[in-house]
Structures are given as structure tokens and as C-alpha cells.
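*Asks:* Dropping a structure here in C-alpha cells format, bear with me for questions.
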Amino acid sequence: MSMSISADLCTACGDCEPVCPTNAIIPRKGIYFIKADVCTECDGEFDMPQCMNVCTADSIVPLEA
């Protein structure tokens, strides 16, 4: 599983990018995007995804299958 950023809610603040331990978050066309094949939801490293922890816009959610 991985996380996803809602383009409609993302404010492009960039707070999520530096806290990602797998460097799965990248800027793309003015918003941030999470590479699903790299994201681990911080499993084994933190209790909750760090991007979700710092997002003030609540734009980061688990990716739906």
C-alpha cells in the first residue's frame, strides 16, 4: 500500500517532501506527488506516515486499490 496526495487539496507547501524516509515524494506540475512503487507508508520506521503527520491541508490519504 502507499499514500496519495489529492491534487485538489494540495497547497504545494512542500512540508511533506523532506520528512519522507524513502524519498517517494516529488514535485510535479505545481503540486506534490507520491511515487507508489517507492512509498512504504513509513512501515517499520514510524507509527504513522510522516507526510500525513505534517500535512496541514489534510491532502494525503492512503492510496485506494
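Chain lettering (A, B, ...) mirrors the order of the C-alpha cells, residue numbering begins at 1 for each chain separately, and ligand numbering begins at 1 in order of display.
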Would you pick out the contacts of range 27-44 of chain A at 7 Å or less, using only C-alpha atoms, so that residues sharing its chain but fewer than 2 positions from it are not included, and give the list as number ranges by chain?
*Replies:* A: 1-5, 7, 10, 12, 22, 24-25, 46, 48-50
*Asks:* Range 15-18 of chain A: which residues within 7 Å, counting only C-alpha atoms, same-chain residues fewer than 5 positions away excluded, as a list in words?
*Replies:*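 Answer for this query is Ile25, Ile26, Cys51, Val54 and Cys55 of chain A.
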*Asks:* Would you mind telling me which residue in A:Asn53, A:Asn23, A:Glu45, A:Leu63 lies nearest to Ser6 in chain A when using only C-alpha atoms?
*Replies:* A:Leu63
*Asks:* Can you list every residue in chain A that DSSP puts in helix (DSSP H, G or I), as a ChimeraX atom specification?
*Replies:* /A:17-19,50-54
*Asks:* Using only N, CA and C atoms, please write the residues we just selected to a file, as a PDB file, in the first residue's frame.
*Replies:*
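What follows is the written file part12.pdb:
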ATOM      1  N   GLU A  17       7.769  16.666   1.595  1.00  0.00           N
ATOM      2  CA  GLU A  17       8.925  16.129   0.866  1.00  0.00           C
ATOM      3  C   GLU A  17      10.120  15.800   1.761  1.00  0.00           C
ATOM      4  N   PRO A  18      10.574  16.696   2.631  1.00  0.00           N
ATOM      5  CA  PRO A  18      11.773  16.378   3.427  1.00  0.00           C
ATOM      6  C   PRO A  18      11.571  15.339   4.525  1.00  0.00           C
ATOM      7  N   VAL A  19      10.335  15.060   4.922  1.00  0.00           N
ATOM      8  CA  VAL A  19      10.116  14.094   6.006  1.00  0.00           C
ATOM      9  C   VAL A  19       9.943  12.669   5.507  1.00  0.00           C
ATOM     10  N   GLN A  50       4.795   9.821   7.864  1.00  0.00           N
ATOM     11  CA  GLN A  50       5.285  11.132   8.258  1.00  0.00           C
ATOM     12  C   GLN A  50       4.718  12.256   7.391  1.00  0.00           C
ATOM     13  N   CYS A  51       4.456  11.983   6.122  1.00  0.00           N
ATOM     14  CA  CYS A  51       3.876  13.006   5.249  1.00  0.00           C
ATOM     15  C   CYS A  51       2.488  13.395   5.752  1.00  0.00           C
ATOM     16  N   MET A  52       1.718  12.399   6.149  1.00  0.00           N
ATOM     17  CA  MET A  52       0.380  12.632   6.673  1.00  0.00           C
ATOM     18  C   MET A  52       0.445  13.403   7.986  1.00  0.00           C
ATOM     19  N   ASN A  53       1.473  13.133   8.755  1.00  0.00           N
ATOM     20  CA  ASN A  53       1.665  13.783  10.052  1.00  0.00           C
ATOM     21  C   ASN A  53       1.924  15.280   9.915  1.00  0.00           C
ATOM     22  N   VAL A  54       2.607  15.706   8.835  1.00  0.00           N
ATOM     23  CA  VAL A  54       2.959  17.126   8.687  1.00  0.00           C
ATOM     24  C   VAL A  54       2.029  17.900   7.760  1.00  0.00           C
TER      25      VAL A  54
END
*Asks:* Could you tell me, as a ChimeraX atom specification, which residues of chain A DSSP assigns to strand (DSSP E) when given the backbone?
*Replies:* /A:3-5,25-28,31-34,60-62
